[in-house]
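Following: one structure in structure tokens, then a few remarks.
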Amino acid sequence: MNALAAALSRRLPEGQVVEGFRAEQWAVCDRVPQAVVFPESESEVAEVMRLATQEGWTVVPAGKGTWLHGGQPPGAVDVVLSTMRMDRITLYEPGDLTVTAEGGIGLDLLAHRCGEHGQWLPLDPPGPRKGTLAATVSTASFGPLAYHHGLPKDHVLGVSLVTGDGRVLELGGRVVKNVAGFDVLKLTIGSWGTLGVLTSITTRLHPQPPADRTVLFRGEAGELVALARAIATAPAPLAALEMLLPGERERSGGTVPLLAVRILEASEATDEICRIVTDTAGASAFRQMDGRASAELFRNVEALESGAELVVRLRLLPSQLETVRKHADTLRELADPDEGWGTRLAAHVQCGVLRVIISRMARGEGWIDRAAEVIERVRGGLEAEGGSLTLSQGPSGLVSAVGAWGDAGSAVPLMKALKREFDPAGVLSPGRFSFL
Amino acid sequence: MSAALSSEVTADLRTIVGDQWVITDPVRLLAYESDGLTAYRRPPGAVVLPADTDEVSQVMARLAHAEVPVVPRGAGTGLSGGALAGSDAVILATPRMNRIVHVDPENRLALLQPGVINADLTEAARPHGLYYAPDPSSQSACTIGGNVAENAGGPHCLKYGVTSRYVTGLTVVLYDGEVLRLGGLGRDSAGYDLTGVFIGSEGCFGIATEIEVRLLPIPQATRTLLAMFDRLEDAGEAVSAIVARGLLPAALEIIDRETIQAVEASIFAAGYPVDVEAALVIEFDGIEAGLDFEAEEAEGCCWEKGAREVRRARSERERLGLWKGRKNAFGAFGRVAPDLLVQDATVPRTRLPEVLRAISEIGHRYGLRLANVFHAGDGNLHPNILFDRTDEDELARVEQASREIMAVCVAAGGTITGEHGVGLDKRGYMRLVHSRDVLEVMRATKKAFDPWGGMNPGKVLP
């Protein structure tokens, strides 16, 4: 056992530390940790963080390891701290429409338990459902439901956070309206494990919608963009509006470009909204899916990135969807034309987010430099128009070269000051935000 | 920080914003001696009224250079003393920054200056079939800048959420005059959610000079019910039953007997029976189809829990009539007692009945008149204490009772303020809810934005 793993083993109960080949599957963007720890309580997490700060070991918090390959590669990874053994629901009073769970609970388990009471947490980030609540909150990941139902920041009411030096902070609370002091909680949502380890999270819940319907339109990409924009401004509550353009090789296999309009309301209202949507579209729907089939379609949207080598998020205002699509088309040249599905495009139309999902990148001499050049050009174009380009995942050489994030603006010194407060020794996920 | 508001500084401010936009006349300063919490009064050293981001930046840089504290102020409707400044400080008020830069129906966004009045934004969005969702009771007077500072709520938060959900981007001026642009709907911002942490910072971090907000489509239809109960607990149980049935009303509001009597005895009389213990306002909105079903379900819950009477609005006029008692409650108290302390706390919804009993017991014990108006769906209580501030003994009892009420709410898993903020008023209660470490992190967060300590000093933190 290496010295670091041995030191951790002495502090933690047996079976909570692994190293060597068993640590390899916990590599963070190709960086294999010296040890992976699986604490079972908040106090054990705090113990690990105190030791790490004392010894200067870098720690990357994780859940089930679902998204470890995503984002900006950290500079160094001595320890991966997984909260996956902390997966209990600690307080659930259905009448309050709130639930408190340990950070390592999977979104699937949480959905199952809340579903027993007819309630749900409308979060649908990309990736498998087993992914943890803490990872979702920590990366502020969201999916098609976010525009209507809210972002992680709109659902989370409170967290317990263990800071870089092992302090336990209870931020926010468990009530739906709370303005008692500065909203420091918001800093932790989307902080990518740079401020602390989320050990417990309280979120709002909603009554499960009585009906689930998706209306599908088909057409060529340009037509679908126009249709999507028209439907997005229709006076009706739409749970999701997703434009799905299959990869070139899927296209030749018969998959068609689609616009998926999801409605999650009471059944009478659903019929009415459906009518508004088709009236606005001026075209009849290609297909309508109800209940399980509708849910299943959006499960597939969650899984779109699985197996991809490169995922790029482009964003502008929703009205600029056509411009974003043109920028996205520029990125198609990065895909290997002969392997996998090619380039998929998937847009959260109401948010102005377009994901470019490339199955396998074209190789060849200098491919990383070439790809970097193309991505930087597109990023420059989007930033000039007030938008952004982020790399959700990609080969770590490429992500390191381009940077997962774009321009962080003039608030960087302020962010650095915040980082120092939560993580004085700088041991938590260093380099995840390259500008800090 | 020195107390140095020299005539030299005010002369410079006049040069920046124009002579008529700096107030130093002691009589005119009296208009700024308190906010909506009138128990605290002190006039500021001066008031400055800049026109835009650039003027704010210059004003702030000048004041920072002279080490004069700045207190931002919107309409002054806040209820926690957050907009109070001493004679050594300058109030930076936003009434001139009241321009809606644009309403963008394509993206359902609006860009506005902070002095825009909440209701005016909704008015400007209406021709596009849109509206701004957060609707604090003071919406016809309060400004969006103030709403951002307080993370304001309102009766419709149950379904729609609070201000933070609707603010997508900010232009912020820090104490030294630096201008930061945060967030924006059309981009993924890199790094920490500074927009999020700025909202609700009560003027202690900086001042927002441009605000980007999301607008929603105006609901196609609404259904409003008013149910009368002979027991306050029954009204609370009806609320629980509605929630348990999986219904999500836009609003669930309760007013108690004391409040109803005050309203009915005032010019705001709304025709509520004066002998009931509680009135529950229930509102649904959304697509017309299916709303009647939801309203009937909710009505069923009320009968099941022992309602004496349930009224349903059949027109917009009737709807406003049902809301009248709730909306005018605060105005009506003026007739009943010289002073009113509007308390504010939140508890988990299921703990409402026991907390209400405890609050009532505290009122009895201190011999105080308490009237409850609250957002029952959110568990957000407003126990209002009616008193006479010239009676020193009564004033002392009000303070003791307030502290006990806060302690009861915190013990039930709640918090010391749901929507009014901490300001000056509730700093003393902050230790009831936050550990020393958390308060320290809040202090450090303030320091990251305002290392000079010049923004609204003496507020929020104990």
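Every chain in the structure tokens has a letter given in the order shown (A, B, ...), and although residue numbers restart at 1 in each chain, ligands are simply numbered from 1 in the order shown.
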
Which of stretch 309-355 of chain A DSSP labels strand (DSSP E), written as a PDB file with C-alpha atoms, in the first residue's frame:
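As written to disk, part15.pdb reads:
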```pdb
ATOM      1  CA  LEU A 310     -16.257  15.056 -27.405  1.00  0.00           C
ATOM      2  CA  VAL A 311     -19.196  17.086 -26.088  1.00  0.00           C
ATOM      3  CA  VAL A 312     -19.252  20.819 -26.696  1.00  0.00           C
ATOM      4  CA  ARG A 313     -21.942  23.154 -25.335  1.00  0.00           C
ATOM      5  CA  LEU A 314     -22.697  26.245 -27.357  1.00  0.00           C
ATOM      6  CA  ARG A 315     -24.945  28.925 -25.983  1.00  0.00           C
ATOM      7  CA  THR A 343     -22.003  14.414 -34.940  1.00  0.00           C
ATOM      8  CA  ARG A 344     -25.276  14.652 -33.034  1.00  0.00           C
ATOM      9  CA  LEU A 345     -26.782  18.019 -32.212  1.00  0.00           C
ATOM     10  CA  ALA A 346     -29.230  18.427 -29.351  1.00  0.00           C
ATOM     11  CA  ALA A 347     -30.691  21.787 -28.328  1.00  0.00           C
ATOM     12  CA  HIS A 348     -32.532  22.902 -25.223  1.00  0.00           C
ATOM     13  CA  VAL A 353     -28.137  25.697 -25.395  1.00  0.00           C
ATOM     14  CA  LEU A 354     -26.949  23.478 -28.219  1.00  0.00           C
ATOM     15  CA  ARG A 355     -24.857  20.398 -27.522  1.00  0.00           C
TER      16      ARG A 355
END
```

So that I can check the surroundings of B:Gly331, please list as a JSON list (two decimals) with C-alpha atoms, in the first residue's frame every protein, DNA and RNA residue that reaches within 12 Å of it, counting only C-alpha atoms and ignoring chain neighbours fewer than 4 positions away.
```json
[["chain", "number", "residue", "atom", "x", "y", "z"],
["B", 137, "SER", "CA", -47.28, 42.83, -1.39],
["B", 138, "SER", "CA", -45.64, 46.20, -2.00],
["B", 259, "THR", "CA", -56.77, 40.50, 10.83],
["B", 262, "ALA", "CA", -59.18, 44.90, 11.40],
["B", 263, "VAL", "CA", -59.89, 44.76, 7.67],
["B", 264, "GLU", "CA", -63.65, 44.75, 8.09],
["B", 265, "ALA", "CA", -63.54, 47.73, 10.42],
["B", 266, "SER", "CA", -61.46, 49.72, 7.94],
["B", 267, "ILE", "CA", -62.10, 51.40, 4.61],
["B", 268, "PHE", "CA", -60.80, 48.22, 3.02],
["B", 269, "ALA", "CA", -63.80, 46.16, 4.23],
["B", 324, "LYS", "CA", -59.08, 42.40, -1.03],
["B", 325, "GLY", "CA", -58.94, 41.39, 2.59],
["B", 326, "ARG", "CA", -55.57, 39.69, 2.19],
["B", 327, "LYS", "CA", -53.98, 42.45, 0.15],
["B", 335, "ARG", "CA", -56.61, 51.96, 12.37],
["B", 336, "VAL", "CA", -56.32, 49.40, 15.14],
["B", 337, "ALA", "CA", -53.02, 50.35, 16.75],
["B", 338, "PRO", "CA", -50.52, 53.16, 16.36],
["B", 339, "ASP", "CA", -47.65, 50.82, 15.57],
["B", 340, "LEU", "CA", -47.29, 47.54, 13.77],
["B", 342, "VAL", "CA", -44.61, 42.91, 10.70]]
```

For B:Thr346, the nearest of the candidates B:Val410, B:Cys301, B:Val398, B:Leu216, counting only C-alpha atoms:
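Nearest to B:Thr346: B:Val410.
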
Record the distance separating atom CA of A:Ala7 and atom CA of A:Leu169, expressed in Å with one decimal.
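Separating atom CA of A:Ala7 from atom CA of A:Leu169 is a distance of 25.6 Å.
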
Excluding stretch 177-185 of chain B and any residue of its chain fewer than 6 positions from it, enumerate the residues within 8 Å of it, using only C-alpha atoms, and give them as number ranges by chain.
A: 316-317, 351, 409-411; B: 56-61, 64, 168-171, 193-195, 212

Can you pull out the residues contacting stretch 143-150 of chain A? Cut-off 7 Å, using only C-alpha atoms, and skip same-chain residues under 2 positions away; I want them as a PyMOL selection string.
chain A and resi 122-126+152+154-155+238-242+348+350-351

Grab the residues selected above and save them as a compact mmCIF listing (two decimals), in the first residue's frame with N, CA and C atoms.
```
# COMPACT_ATOMS: atom_id res chain seq x y z
N PRO A 122 -37.64 17.48 -10.40
CA PRO A 122 -37.51 17.55 -11.86
C PRO A 122 -36.10 17.95 -12.33
N LEU A 123 -35.15 17.06 -12.13
CA LEU A 123 -33.80 17.27 -12.64
C LEU A 123 -33.48 16.13 -13.61
N ASP A 124 -32.97 16.46 -14.77
CA ASP A 124 -32.68 15.42 -15.77
C ASP A 124 -31.34 15.69 -16.45
N PRO A 125 -30.26 15.71 -15.66
CA PRO A 125 -28.95 16.01 -16.26
C PRO A 125 -28.52 14.91 -17.22
N PRO A 126 -27.60 15.22 -18.11
CA PRO A 126 -27.10 14.18 -19.00
C PRO A 126 -26.38 13.09 -18.22
N PRO A 152 -30.71 23.44 -10.95
CA PRO A 152 -30.40 22.94 -9.60
C PRO A 152 -30.48 24.04 -8.53
N ASP A 154 -32.43 26.42 -8.30
CA ASP A 154 -33.81 26.75 -7.96
C ASP A 154 -34.47 25.67 -7.10
N HIS A 155 -33.89 24.48 -7.08
CA HIS A 155 -34.46 23.38 -6.30
C HIS A 155 -33.79 23.21 -4.94
N LEU A 238 -44.69 24.69 -21.47
CA LEU A 238 -44.07 23.51 -22.05
C LEU A 238 -42.99 23.01 -21.10
N ALA A 239 -43.02 21.73 -20.77
CA ALA A 239 -42.03 21.18 -19.84
C ALA A 239 -40.66 21.10 -20.49
N ALA A 240 -40.62 20.87 -21.79
CA ALA A 240 -39.34 20.79 -22.50
C ALA A 240 -39.57 20.99 -23.98
N LEU A 241 -38.55 21.53 -24.61
CA LEU A 241 -38.60 21.73 -26.06
C LEU A 241 -37.20 21.42 -26.56
N GLU A 242 -37.07 20.25 -27.18
CA GLU A 242 -35.75 19.74 -27.49
C GLU A 242 -35.63 19.46 -28.98
N HIS A 348 -31.47 22.47 -26.15
CA HIS A 348 -32.53 22.90 -25.22
C HIS A 348 -33.00 24.24 -25.79
N GLN A 350 -35.41 26.40 -25.40
CA GLN A 350 -35.83 27.54 -24.58
C GLN A 350 -34.66 28.19 -23.86
N CYS A 351 -33.57 27.45 -23.67
CA CYS A 351 -32.40 28.01 -22.97
C CYS A 351 -31.34 28.53 -23.93
```

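Proximity of A:Ala303, A:Ala180, A:Ala283, A:Leu382 to B:Glu419, computed with only C-alpha atoms, is greatest for A:Ala180.
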
Quick one: everything within 7 Å of stretch 85-98 of chain A, counting only C-alpha atoms, minus sequence neighbours fewer than 3 positions away in the same chain. Send it as a count of residues only.
21

Using only C-alpha atoms, determine which residues lie at most 8 Å from stretch 116-132 of chain B, disregarding the query and same-chain residues fewer than 6 positions distant; provide the list as a list of chain:residue names.
A:Pro235, B:Pro95, B:Met97, B:Asn98, B:Arg99, B:Ile100, B:Val103, B:Pro105, B:Arg108, B:Gln139, B:Ser140, B:Ala141, B:Cys142, B:Thr143, B:Ile144, B:Gly145, B:Arg214, B:Leu215, B:Leu216, B:Pro217, B:Ile218

Could you write out that same residue set with C-alpha atoms as a compact mmCIF listing (two decimals), in the first residue's frame?
```
# COMPACT_ATOMS: atom_id res chain seq x y z
CA PRO A 235 -48.47 31.03 -24.71
CA PRO B 95 -35.57 56.62 -8.49
CA MET B 97 -32.76 54.79 -12.78
CA ASN B 98 -36.28 53.73 -13.66
CA ARG B 99 -35.90 52.88 -17.31
CA ILE B 100 -36.94 49.58 -18.82
CA VAL B 103 -38.62 43.96 -23.18
CA PRO B 105 -40.60 38.87 -26.05
CA ARG B 108 -38.94 36.30 -22.70
CA GLN B 139 -45.36 45.59 -5.75
CA SER B 140 -47.04 48.84 -6.72
CA ALA B 141 -44.29 50.76 -4.90
CA CYS B 142 -41.19 48.57 -4.50
CA THR B 143 -38.40 48.51 -7.06
CA ILE B 144 -36.82 45.56 -8.84
CA GLY B 145 -33.43 46.70 -7.49
CA ARG B 214 -37.05 36.31 -17.12
CA LEU B 215 -40.67 36.90 -17.94
CA LEU B 216 -43.44 34.31 -18.03
CA PRO B 217 -46.46 34.02 -20.29
CA ILE B 218 -49.57 35.36 -18.57
```

If you run DSSP over the backbone, which residues in stretch 18-208 of chain B end up helix (DSSP H, G or I)? Put them as a ChimeraX atom specification.
/B:19-21,26-32,53-65,118-128,144-150,157-160,163-165,194-198

Excluding A:Arg370 and its own-chain neighbours fewer than 5 positions away, which residues fall within 12 Å of it when counting only C-alpha atoms? Please give them as a ChimeraX atom specification.
/A:331,333-334,361-365,375-377,398,401-402

Filtering to N, CA and C atoms, could you give me those residues as a PDB file, in the first residue's frame?
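Wrote it out as selection_37.pdb, contents follow:
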```pdb
ATOM      1  N   LEU A 331     -18.179  22.620 -36.288  1.00  0.00           N
ATOM      2  CA  LEU A 331     -17.473  21.619 -35.470  1.00  0.00           C
ATOM      3  C   LEU A 331     -17.559  20.203 -36.050  1.00  0.00           C
ATOM      4  N   GLU A 333     -16.431  19.016 -38.629  1.00  0.00           N
ATOM      5  CA  GLU A 333     -15.181  18.540 -39.225  1.00  0.00           C
ATOM      6  C   GLU A 333     -14.286  17.831 -38.206  1.00  0.00           C
ATOM      7  N   LEU A 334     -14.599  17.978 -36.917  1.00  0.00           N
ATOM      8  CA  LEU A 334     -13.790  17.313 -35.892  1.00  0.00           C
ATOM      9  C   LEU A 334     -14.114  15.825 -35.785  1.00  0.00           C
ATOM     10  N   MET A 361     -13.441  11.396 -32.513  1.00  0.00           N
ATOM     11  CA  MET A 361     -12.786  12.501 -33.201  1.00  0.00           C
ATOM     12  C   MET A 361     -11.881  11.980 -34.319  1.00  0.00           C
ATOM     13  N   ALA A 362     -11.793  12.759 -35.377  1.00  0.00           N
ATOM     14  CA  ALA A 362     -10.887  12.416 -36.467  1.00  0.00           C
ATOM     15  C   ALA A 362      -9.454  12.531 -35.955  1.00  0.00           C
ATOM     16  N   ARG A 363      -8.669  11.492 -36.203  1.00  0.00           N
ATOM     17  CA  ARG A 363      -7.279  11.501 -35.747  1.00  0.00           C
ATOM     18  C   ARG A 363      -6.363  11.950 -36.892  1.00  0.00           C
ATOM     19  N   GLY A 364      -5.104  11.740 -36.731  1.00  0.00           N
ATOM     20  CA  GLY A 364      -4.128  12.150 -37.742  1.00  0.00           C
ATOM     21  C   GLY A 364      -3.125  13.069 -37.083  1.00  0.00           C
ATOM     22  N   GLU A 365      -2.067  13.307 -37.753  1.00  0.00           N
ATOM     23  CA  GLU A 365      -0.990  14.088 -37.143  1.00  0.00           C
ATOM     24  C   GLU A 365      -1.484  15.490 -36.780  1.00  0.00           C
ATOM     25  N   ILE A 375     -12.079  24.867 -32.346  1.00  0.00           N
ATOM     26  CA  ILE A 375     -12.923  25.157 -31.181  1.00  0.00           C
ATOM     27  C   ILE A 375     -12.714  26.598 -30.717  1.00  0.00           C
ATOM     28  N   GLU A 376     -11.470  27.024 -30.720  1.00  0.00           N
ATOM     29  CA  GLU A 376     -11.201  28.397 -30.276  1.00  0.00           C
ATOM     30  C   GLU A 376     -11.838  29.422 -31.212  1.00  0.00           C
ATOM     31  N   ARG A 377     -11.840  29.103 -32.495  1.00  0.00           N
ATOM     32  CA  ARG A 377     -12.457  30.015 -33.460  1.00  0.00           C
ATOM     33  C   ARG A 377     -13.964  30.122 -33.179  1.00  0.00           C
ATOM     34  N   LEU A 398      -6.837  17.845 -25.219  1.00  0.00           N
ATOM     35  CA  LEU A 398      -7.581  18.893 -25.916  1.00  0.00           C
ATOM     36  C   LEU A 398      -8.232  19.862 -24.930  1.00  0.00           C
ATOM     37  N   ALA A 401      -5.781  22.081 -23.416  1.00  0.00           N
ATOM     38  CA  ALA A 401      -5.259  23.083 -24.349  1.00  0.00           C
ATOM     39  C   ALA A 401      -6.251  24.230 -24.541  1.00  0.00           C
ATOM     40  N   VAL A 402      -7.514  23.893 -24.704  1.00  0.00           N
ATOM     41  CA  VAL A 402      -8.512  24.923 -25.013  1.00  0.00           C
ATOM     42  C   VAL A 402      -9.100  25.533 -23.751  1.00  0.00           C
TER      43      VAL A 402
END
```
